[in-house]
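> So here's work.cif (mmCIF, C-alpha atoms).
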```cif
data_target
loop_
_atom_site.label_atom_id
_atom_site.label_comp_id
_atom_site.auth_asym_id
_atom_site.auth_seq_id
_atom_site.Cartn_x
_atom_site.Cartn_y
_atom_site.Cartn_z
CA MET A 19 11.46 36.84 8.26
CA PRO A 20 10.58 37.26 4.56
CA GLU A 21 6.87 37.48 3.82
CA ASP A 22 6.63 34.80 1.21
CA THR A 23 7.70 31.80 3.25
CA PHE A 24 6.30 28.42 4.15
CA ALA A 25 7.01 26.13 7.09
CA LEU A 26 9.11 23.06 6.34
CA ARG A 27 8.32 20.59 9.14
CA ILE A 28 11.17 18.08 9.27
CA PHE A 29 11.41 14.82 11.20
CA ARG A 30 14.50 15.11 13.40
CA PHE A 31 16.32 12.36 15.22
CA ASP A 32 19.93 12.26 16.31
CA PRO A 33 20.88 9.02 18.08
CA GLU A 34 23.86 10.72 19.76
CA SER A 35 21.86 13.57 21.25
CA GLY A 36 19.84 11.35 23.57
CA LYS A 37 16.69 13.30 22.67
CA ASP A 38 13.44 11.79 21.52
CA PRO A 39 12.63 11.99 17.83
CA GLY A 40 10.30 14.81 16.84
CA TYR A 41 9.39 17.42 14.27
CA GLN A 42 11.10 20.78 13.86
CA ASP A 43 9.75 23.69 11.83
CA PHE A 44 11.90 25.83 9.52
CA GLN A 45 10.76 28.93 7.61
CA VAL A 46 11.81 28.68 3.98
CA PRO A 47 11.23 31.28 1.22
CA ARG A 48 9.13 30.03 -1.64
CA GLY A 49 11.69 30.93 -4.26
CA GLY A 50 10.52 34.19 -5.78
CA ARG A 51 7.86 34.84 -8.34
CA SER A 52 8.76 31.94 -10.58
CA GLY A 53 8.22 29.38 -7.81
CA GLY A 54 9.57 26.06 -8.98
CA LEU A 55 11.07 25.14 -5.64
CA THR A 56 11.37 21.40 -5.02
CA VAL A 57 11.27 19.85 -1.56
CA LEU A 58 14.91 18.81 -2.01
CA GLU A 59 15.90 22.42 -2.72
CA ALA A 60 13.98 23.51 0.38
CA LEU A 61 15.97 20.95 2.40
CA PHE A 62 19.17 22.41 0.94
CA TYR A 63 18.03 25.89 1.99
CA VAL A 64 17.64 24.67 5.58
CA LEU A 65 21.01 22.90 5.41
CA GLU A 66 22.81 25.98 4.08
CA HIS A 67 21.08 28.73 6.06
CA GLN A 68 19.61 27.31 9.24
CA ASP A 69 20.94 23.92 10.37
CA PRO A 70 24.12 22.45 8.88
CA GLY A 71 23.48 19.32 10.96
CA LEU A 72 20.45 18.23 8.95
CA ALA A 73 20.96 14.79 7.39
CA PHE A 74 19.25 13.61 4.20
CA ARG A 75 20.14 11.50 1.18
CA TYR A 76 20.18 12.72 -2.40
CA SER A 77 22.29 12.23 -5.46
CA CYS A 78 21.09 12.91 -9.00
CA ARG A 79 18.37 15.54 -8.37
CA GLU A 80 16.49 14.30 -11.44
CA ALA A 81 14.45 11.32 -10.21
CA ILE A 82 16.70 8.59 -11.57
CA CYS A 83 18.90 7.54 -8.62
CA GLY A 84 16.17 6.87 -6.05
CA SER A 85 18.15 8.25 -3.08
CA CYS A 86 15.77 10.94 -1.88
CA ALA A 87 12.55 8.96 -1.36
CA MET A 88 10.79 10.47 1.65
CA TYR A 89 7.39 10.73 3.27
CA ILE A 90 6.23 14.18 2.19
CA SER A 91 2.91 15.60 3.44
CA GLY A 92 1.39 12.15 3.78
CA GLU A 93 2.64 10.71 0.51
CA TRP A 94 5.64 8.70 -0.55
CA LYS A 95 7.60 10.92 -2.95
CA LEU A 96 11.03 11.70 -4.30
CA ALA A 97 12.07 15.01 -2.73
CA CYS A 98 13.75 16.09 -5.98
CA GLN A 99 10.63 15.44 -8.06
CA THR A 100 8.11 17.06 -5.71
CA GLN A 101 7.21 20.72 -6.06
CA VAL A 102 6.69 22.52 -2.75
CA GLY A 103 3.51 24.02 -4.23
CA HIS A 104 2.05 20.54 -4.70
CA ALA A 105 2.99 19.34 -1.21
CA LEU A 106 1.68 22.30 0.80
CA GLU A 107 -0.97 21.57 3.41
CA GLY A 108 -2.06 25.01 4.48
CA ASN A 109 1.35 26.68 4.69
CA VAL A 110 3.21 23.59 5.87
CA VAL A 111 5.18 20.88 4.11
CA THR A 112 5.85 17.90 6.38
CA VAL A 113 8.89 15.81 5.53
CA SER A 114 9.77 12.64 7.40
CA ALA A 115 12.00 9.65 6.87
CA LEU A 116 10.60 6.65 4.99
CA PRO A 117 8.16 5.05 7.44
CA HIS A 118 8.82 1.59 8.92
CA LEU A 119 12.54 1.59 8.14
CA PRO A 120 15.01 2.14 11.02
CA VAL A 121 16.11 5.79 11.17
CA ILE A 122 19.86 6.40 11.26
CA LYS A 123 19.63 10.19 11.52
CA ASP A 124 16.94 12.73 10.57
CA LEU A 125 15.72 11.74 7.10
CA VAL A 126 18.29 8.99 6.51
CA VAL A 127 16.99 5.47 6.97
CA ASP A 128 18.73 2.12 7.21
CA MET A 129 17.90 0.42 3.89
CA GLU A 130 19.21 -2.96 5.06
CA PRO A 131 15.73 -4.62 5.34
CA PHE A 132 15.00 -3.47 1.78
CA TRP A 133 18.25 -4.76 0.30
CA ARG A 134 18.08 -8.03 2.24
CA ASN A 135 14.73 -8.80 0.63
CA TYR A 136 15.92 -7.54 -2.75
CA GLU A 137 18.83 -10.01 -2.72
CA LYS A 138 16.53 -12.91 -1.87
CA VAL A 139 14.86 -12.86 -5.30
CA LYS A 140 18.22 -13.20 -7.15
CA PRO A 141 17.97 -9.88 -9.01
CA TYR A 142 20.23 -10.86 -11.92
CA LEU A 143 19.98 -12.79 -15.17
CA ILE A 144 20.39 -16.56 -14.86
CA ASN A 145 21.03 -18.53 -18.04
CA ASP A 146 22.29 -22.12 -18.00
CA GLY A 147 23.09 -22.18 -21.72
CA PRO A 148 26.60 -21.87 -23.16
CA PRO A 149 27.96 -18.33 -23.13
CA PRO A 150 27.26 -16.56 -26.41
CA GLU A 151 30.03 -15.15 -28.59
CA LYS A 152 28.99 -11.53 -28.04
CA GLU A 153 25.87 -10.74 -26.06
CA ARG A 154 22.54 -12.40 -25.25
CA LEU A 155 20.19 -10.89 -27.78
CA GLN A 156 16.59 -10.01 -27.12
CA SER A 157 14.00 -8.85 -29.62
CA PRO A 158 12.57 -5.34 -29.16
CA GLU A 159 9.13 -6.95 -28.65
CA ASP A 160 10.44 -9.10 -25.77
CA ARG A 161 12.14 -6.07 -24.26
CA LYS A 162 8.91 -4.12 -24.34
CA GLY A 163 7.27 -6.75 -22.13
CA ILE A 164 9.66 -6.04 -19.25
CA GLN A 165 10.09 -2.30 -19.84
CA GLU A 166 7.83 -1.28 -16.95
CA MET A 167 9.54 -3.53 -14.38
CA ALA A 168 13.02 -2.56 -15.58
CA ASP A 169 12.19 1.12 -14.92
CA CYS A 170 12.46 0.59 -11.13
CA ILE A 171 15.01 2.91 -9.47
CA LEU A 172 15.06 1.04 -6.12
CA CYS A 173 14.01 4.05 -4.04
CA ALA A 174 12.10 1.83 -1.55
CA ALA A 175 9.04 4.09 -1.56
CA CYS A 176 6.73 1.15 -2.35
CA HIS A 177 8.51 -1.09 0.15
CA SER A 178 7.90 1.51 2.85
CA ALA A 179 4.32 2.23 1.77
CA CYS A 180 3.10 -1.38 1.73
CA PRO A 181 0.76 -2.08 4.68
CA SER A 182 1.41 -5.82 4.30
CA GLY A 183 5.05 -5.20 5.14
CA ILE A 184 4.48 -3.28 8.38
CA ALA A 185 6.21 -5.00 11.29
CA ASN A 186 7.24 -7.87 9.00
CA GLU A 187 10.75 -7.48 7.69
CA ASP A 188 10.66 -10.93 6.09
CA TYR A 189 8.05 -9.94 3.50
CA LEU A 190 9.83 -9.57 0.17
CA GLY A 191 7.86 -6.42 -0.64
CA PRO A 192 6.64 -4.91 -3.91
CA ALA A 193 10.04 -3.76 -5.18
CA ALA A 194 11.72 -7.17 -4.85
CA LEU A 195 8.67 -8.94 -6.29
CA THR A 196 8.57 -6.59 -9.28
CA LYS A 197 12.23 -7.31 -9.86
CA ALA A 198 11.51 -11.04 -9.63
CA TYR A 199 8.84 -10.70 -12.33
CA ARG A 200 11.23 -8.64 -14.45
CA PHE A 201 13.37 -11.81 -14.76
CA VAL A 202 10.48 -14.30 -14.79
CA ALA A 203 9.18 -12.46 -17.86
CA ASP A 204 12.64 -12.05 -19.43
CA SER A 205 12.97 -14.16 -22.59
CA ARG A 206 16.67 -14.82 -21.86
CA ASP A 207 16.24 -16.08 -18.29
CA THR A 208 16.15 -19.84 -17.69
CA ALA A 209 15.59 -19.94 -13.91
CA ARG A 210 11.85 -19.34 -14.04
CA GLU A 211 10.97 -22.40 -11.92
CA GLU A 212 13.47 -21.43 -9.23
CA ARG A 213 12.21 -17.84 -9.18
CA LEU A 214 8.57 -18.90 -8.86
CA THR A 215 9.54 -21.12 -5.92
CA LEU A 216 11.36 -18.19 -4.29
CA VAL A 217 8.34 -15.88 -4.47
CA GLY A 218 5.46 -18.37 -4.31
CA ASN A 219 5.04 -18.51 -0.54
CA GLU A 220 3.42 -16.64 2.34
CA GLN A 221 6.35 -14.18 2.61
CA GLY A 222 6.20 -13.49 -1.11
CA ILE A 223 3.38 -12.89 -3.57
CA PHE A 224 0.68 -14.39 -1.34
CA ARG A 225 1.19 -11.75 1.35
CA CYS A 226 0.09 -9.11 -1.16
CA HIS A 227 -3.50 -8.09 -0.39
CA THR A 228 -3.83 -5.84 -3.46
CA ILE A 229 -4.01 -2.61 -1.47
CA PHE A 230 -2.25 -0.72 -4.30
CA ASN A 231 -0.33 1.61 -1.97
CA CYS A 232 2.82 0.61 -3.87
CA VAL A 233 1.25 1.66 -7.17
CA THR A 234 0.12 4.96 -5.67
CA SER A 235 3.53 5.69 -4.18
CA CYS A 236 5.78 4.73 -7.13
CA PRO A 237 7.58 7.82 -8.49
CA LYS A 238 8.19 6.02 -11.79
CA GLY A 239 4.56 5.00 -12.33
CA ILE A 240 5.22 1.27 -12.15
CA ASN A 241 2.29 -1.04 -11.39
CA GLN A 242 3.90 -3.49 -8.96
CA THR A 243 0.61 -5.24 -8.31
CA TYR A 244 0.44 -6.22 -11.99
CA SER A 245 3.76 -8.07 -11.65
CA ILE A 246 2.69 -9.72 -8.41
CA GLN A 247 -0.68 -10.83 -9.81
CA GLN A 248 0.99 -12.20 -12.98
CA MET A 249 3.26 -14.33 -10.77
CA LYS A 250 0.30 -15.45 -8.64
CA LYS A 251 -1.28 -16.76 -11.84
CA LEU A 252 1.94 -18.52 -12.92
CA VAL A 253 2.48 -20.11 -9.49
CA MET A 254 -1.13 -21.31 -9.31
CA LYS A 255 -0.87 -22.79 -12.81
CA ARG A 256 2.34 -24.56 -11.85
CA ASN A 257 0.90 -25.87 -8.58
CA LEU A 258 -2.12 -27.23 -10.46
CA GLY A 259 0.20 -29.01 -12.88
CA LEU A 260 -0.82 -26.88 -15.86
CA GLN A 261 1.55 -25.72 -18.56
CA LEU A 262 3.19 -22.38 -17.80
CA MET B 5 21.17 7.33 23.90
CA TYR B 6 19.30 5.13 21.50
CA PRO B 7 21.18 1.93 20.84
CA LEU B 8 20.30 1.59 17.16
CA LYS B 9 20.83 -2.15 17.02
CA HIS B 10 18.32 -2.89 19.76
CA SER B 11 15.50 -0.40 19.48
CA PRO B 12 15.54 1.37 16.13
CA VAL B 13 13.55 4.59 15.84
CA ARG B 14 11.09 4.48 12.95
CA ALA B 15 9.00 7.21 11.42
CA ASN B 16 5.32 6.40 11.21
CA PRO B 17 3.06 7.23 8.30
CA ASP B 18 0.03 9.40 8.97
CA LEU B 19 -2.67 6.78 9.48
CA LEU B 20 -5.51 9.28 9.29
CA PRO B 21 -7.95 8.50 6.48
CA ARG B 22 -7.26 11.84 4.78
CA HIS B 23 -4.29 10.23 3.04
CA TYR B 24 -6.03 7.02 1.99
CA ARG B 25 -6.36 6.29 -1.70
CA GLN B 26 -8.98 4.03 -3.28
CA GLY B 27 -7.03 0.80 -2.76
CA MET B 28 -6.42 1.59 0.91
CA TRP B 29 -10.10 2.40 1.48
CA ALA B 30 -11.11 -0.82 -0.23
CA TRP B 31 -8.75 -2.82 1.99
CA ILE B 32 -9.65 -1.10 5.28
CA LEU B 33 -13.40 -1.41 4.61
CA HIS B 34 -12.96 -5.05 3.58
CA ARG B 35 -11.18 -5.83 6.86
CA LEU B 36 -13.65 -3.92 9.04
CA THR B 37 -16.73 -5.44 7.38
CA GLY B 38 -15.09 -8.87 7.61
CA LEU B 39 -14.58 -8.46 11.36
CA GLY B 40 -18.14 -7.22 11.72
CA ILE B 41 -19.52 -10.23 9.89
CA VAL B 42 -17.51 -12.59 12.13
CA LEU B 43 -18.93 -10.77 15.16
CA PHE B 44 -22.42 -11.25 13.76
CA LEU B 45 -21.72 -14.97 13.22
CA LEU B 46 -20.86 -15.37 16.92
CA MET B 47 -24.03 -13.52 17.94
CA HIS B 48 -26.02 -15.62 15.49
CA ILE B 49 -24.68 -18.87 16.97
CA TRP B 50 -25.53 -17.63 20.45
CA GLU B 51 -29.06 -16.66 19.47
CA ILE B 52 -29.95 -19.90 17.67
CA SER B 53 -28.29 -22.02 20.35
CA SER B 54 -30.99 -20.80 22.74
CA VAL B 55 -32.94 -23.81 21.46
CA ASN B 56 -30.36 -26.04 23.18
CA ARG B 57 -30.52 -24.05 26.39
CA GLY B 58 -34.30 -24.05 26.86
CA GLY B 59 -36.04 -25.73 23.96
CA GLY B 60 -38.56 -24.18 21.59
CA ALA B 61 -39.94 -21.77 24.18
CA ALA B 62 -36.54 -20.20 24.84
CA PHE B 63 -35.90 -19.97 21.11
CA ASN B 64 -39.19 -18.14 20.53
CA GLU B 65 -38.45 -15.85 23.45
CA THR B 66 -35.05 -14.92 21.99
CA MET B 67 -36.58 -14.30 18.57
CA ASN B 68 -39.23 -12.03 20.08
CA ALA B 69 -36.63 -10.13 22.09
CA LEU B 70 -34.76 -9.43 18.84
CA ARG B 71 -37.86 -8.01 17.14
CA ASN B 72 -37.13 -4.37 17.94
CA PRO B 73 -35.90 -1.31 16.03
CA LEU B 74 -32.38 -1.53 17.45
CA ALA B 75 -31.92 -5.11 16.24
CA ALA B 76 -33.39 -4.10 12.89
CA PHE B 77 -30.83 -1.31 12.65
CA GLY B 78 -28.12 -3.88 13.41
CA GLU B 79 -29.49 -5.99 10.58
CA LEU B 80 -29.27 -3.01 8.25
CA VAL B 81 -25.61 -2.50 9.23
CA LEU B 82 -25.03 -6.22 8.64
CA PHE B 83 -26.73 -5.95 5.24
CA ILE B 84 -24.42 -3.09 4.24
CA ALA B 85 -21.35 -4.97 5.51
CA VAL B 86 -22.26 -8.17 3.64
CA LEU B 87 -23.01 -6.23 0.44
CA TYR B 88 -19.68 -4.41 0.47
CA HIS B 89 -17.64 -7.41 1.61
CA GLY B 90 -19.16 -9.70 -0.99
CA ILE B 91 -18.91 -7.33 -3.93
CA ASN B 92 -15.41 -6.17 -3.05
CA GLY B 93 -14.57 -9.87 -2.73
CA ILE B 94 -15.50 -10.25 -6.41
CA ARG B 95 -13.15 -7.34 -7.17
CA LEU B 96 -10.34 -9.13 -5.33
CA ILE B 97 -11.05 -12.39 -7.16
CA LEU B 98 -10.87 -10.52 -10.47
CA PHE B 99 -7.43 -9.19 -9.45
CA ASP B 100 -6.26 -12.71 -8.61
CA LEU B 101 -7.38 -13.80 -12.07
CA GLY B 102 -5.29 -10.97 -13.48
CA ILE B 103 -8.31 -8.91 -14.55
CA GLY B 104 -8.51 -5.18 -13.93
CA VAL B 105 -5.24 -4.75 -12.02
CA ARG B 106 -4.58 -1.58 -14.00
CA ARG B 107 -8.18 -0.41 -13.49
CA GLN B 108 -8.32 -0.78 -9.71
CA ARG B 109 -9.61 2.74 -9.02
CA ALA B 110 -12.49 2.37 -11.44
CA LEU B 111 -13.25 -1.08 -10.02
CA PHE B 112 -13.43 0.34 -6.49
CA TRP B 113 -15.93 2.99 -7.59
CA GLY B 114 -17.79 0.20 -9.38
CA VAL B 115 -17.97 -1.78 -6.13
CA LEU B 116 -19.44 1.25 -4.36
CA VAL B 117 -21.98 1.87 -7.13
CA VAL B 118 -23.15 -1.77 -7.23
CA SER B 119 -23.26 -1.95 -3.41
CA GLY B 120 -25.19 1.31 -3.30
CA ALA B 121 -27.69 0.12 -5.92
CA LEU B 122 -28.34 -3.15 -4.05
CA LEU B 123 -28.61 -1.21 -0.79
CA ALA B 124 -31.29 1.01 -2.34
CA LEU B 125 -33.18 -2.12 -3.36
CA GLY B 126 -33.25 -3.45 0.19
CA LEU B 127 -33.41 -0.22 2.15
CA SER B 128 -37.20 0.22 2.26
CA ALA B 129 -37.62 -3.23 3.85
CA PHE B 130 -35.15 -2.35 6.59
CA LEU B 131 -36.63 1.11 7.15
CA ARG B 132 -40.03 -0.54 7.62
CA LEU B 133 -38.52 -2.82 10.28
CA ILE B 134 -36.88 0.10 12.07
CA PHE B 135 -39.59 2.76 11.88
CA GLY B 136 -42.67 0.61 11.30
CA THR B 137 -43.28 2.38 7.99
CA ALA B 138 -41.12 3.45 5.10
CA PRO B 139 -41.41 5.27 1.78
CA ALA B 140 -41.24 3.10 -1.32
CA LEU B 141 -37.73 3.72 -2.67
CA VAL B 142 -38.33 1.55 -5.69
CA PRO B 143 -41.60 1.60 -7.64
CA TRP B 144 -42.31 -2.14 -7.31
CA ARG B 145 -42.24 -2.23 -3.50
#
```
Would you write the structure of this file as structure tokens?


Amino acid sequence: MPEDTFALRIFRFDPESGKDPGYQDFQVPRGGRSGGLTVLEALFYVLEHQDPGLAFRYSCREAICGSCAMYISGEWKLACQTQVGHALEGNVVTVSALPHLPVIKDLVVDMEPFWRNYEKVKPYLINDGPPPEKERLQSPEDRKGIQEMADCILCAACHSACPSGIANEDYLGPAALTKAYRFVADSRDTAREERLTLVGNEQGIFRCHTIFNCVTSCPKGINQTYSIQQMKKLVMKRNLGLQL
Amino acid sequence: MYPLKHSPVRANPDLLPRHYRQGMWAWILHRLTGLGIVLFLLMHIWEISSVNRGGGAAFNETMNALRNPLAAFGELVLFIAVLYHGINGIRLILFDLGIGVRRQRALFWGVLVVSGALLALGLSAFLRLIFGTAPALVPWR
């Protein structure tokens, strides 16, 4: 065993093996003097050198596809964006599948509860007006207002981190609610009333208890709670009969 | 075999406090102090309802029985719980008004500082109840 190694503790579960889920340790070299090893690269090392049966999701390796969101050493992170050196606890990096989502195998989770709630908020532009000749224009100022919400890469880290969503798969969750606000705040969207009705209930914005775990976990630095609180204000104004 | 459709395996987050961030602490403490205050309310109803069980004499007896250091310590715990719960409640109301959502960490520390300051104001009174005597923590006491 090389001297300069660390233990990569991986959550393992294979439904076909009949074994209980558990953690398995692998010794992984730290990557020479330069360091710079990401958790995703460490997973690749295990896959290539120690266990070809290890299952995990990844795609772009540059924090833009949102495939490799995992629970790394107690925090919700993208494996490709997380340096091993920053995730070490002692000499161990613990990697497990996104909590609260059904595990298909090892680090791969069933994202169905996430997508089901995402679809509920109608995550697309709705405009009743006549189709324009070319495209629906938006001023740079209006675009700036929704920049933060449009940055979401749908990795489900916030959805998995939210304590309000534990054991409640009907809660829309921070990602879907941020997407809802992205269109509520969009100057081209005309379905604002419908959207506020969709989110303004006990399985939507009012289940948010402002715990800010979503904000802490977001790899893109989005403040989901801001979107949710803005919609709480809009829904309350509407319910009181005030002008939106 | 694990039939995935019927009993899915889920990974659990580490629920130990070492991974809590400010917002999580604020929420957990808010819930715990809230439960504690409800527990106190039940005890409070029981203690004042002694007047219905045995009239003024029974009420006085209950009040005297509660005049001991242990009960005073319980009152101190209640004082801390009410302080935190009330002041963090103001923080939550501010969030619902759309104020400070991007400053939640600072607001949590602010809640602790204000709670701590008010606790210091009241602490000498409680220490006197518990120990019979207490140092003056603020110059005007």

> I need the contact residues of chain A against chain B, so if you could list those with any atom within 9 Å, counting all atoms listed in the file, and return them as JSON, numbers by chain, that would help.

{"A": [29, 31, 32, 33, 34, 35, 36, 37, 38, 39, 89, 91, 92, 93, 114, 115, 116, 117, 118, 119, 120, 121, 122, 127, 179, 181, 227, 228, 229, 230, 231, 234, 241, 243, 244, 247, 248, 250, 251]}

> Pick out the residues sitting within 7 Å of range 186-191 of chain A, and hand them over as a PyMOL selection string; count all atoms listed in the file, and ignore anything fewer than 5 positions along from it in its own chain.

chain A and resi 131+135+177+221-222

> Please determine an axis-aligned box that encloses all atoms of range 128-144 of chain A listed in the file, with 5 Å added on each side, and express its centre and edge lengths in Å to one decimal as JSON.


```
{"center_x": 17.6, "center_y": -7.2, "center_z": -4.0, "size_x": 15.7, "size_y": 28.7, "size_z": 32.4}
```

> Report, in Å with one decimal, the straight-line distance from CA of Arg75 in chain A to CA of Cys98 in chain A.

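Atom-to-atom, CA of Arg75 in chain A to CA of Cys98 in chain A, that is 10.6 Å.
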
> Give me the residues within 12 Å of range 131-135 of chain B as a list in words, counting all atoms listed in the file and dropping any in the same chain fewer than 4 places off.

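Answer for this query is Leu70, Arg71, Asn72, Pro73, Leu74, Ala75, Ala76, Phe77, Gly78, Glu79, Leu80, Val81, Leu123, Ala124, Leu125, Gly126, Leu127, Pro139, Ala140, Leu141 and Arg145 of chain B.
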
> Please determine, counting all atoms listed in the file, which residue among B:Val42, B:Ala62, B:Met47, B:Val115 has the shortest atom-to-atom distance to Gly90 in chain B.

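With all atoms listed in the file as the atom set, the closest residue is B:Val115.
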
> Would you compute the distance between CA of Asn257 in chain A and CA of Asp160 in chain A? Give it in Å to one decimal.

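Computed distance, CA of Asn257 in chain A to CA of Asp160 in chain A, equals 25.8 Å.
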
> Excluding Ala97 in chain A and any residue of its chain fewer than 6 positions from it, enumerate the residues within 7 Å of it, using all atoms listed in the file, and give them as a list in words.

Thr56, Val57, Leu58, Cys86, Ala87 and Met88 of chain A

> I'd like to know which of A:Leu155, A:Leu72, A:Ala174, A:Ala25 is closest to Ala105 in chain A, using only C-alpha atoms.

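Of the candidates, the smallest distance to Ala105 in chain A is held by A:Ala25.
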
> Neighbourhood query: residues within 12 Å of (13.5, -6.5, -22.4), file coordinates, counting all atoms listed in the file; return as number ranges by chain.

A: 143, 154-169, 199-207
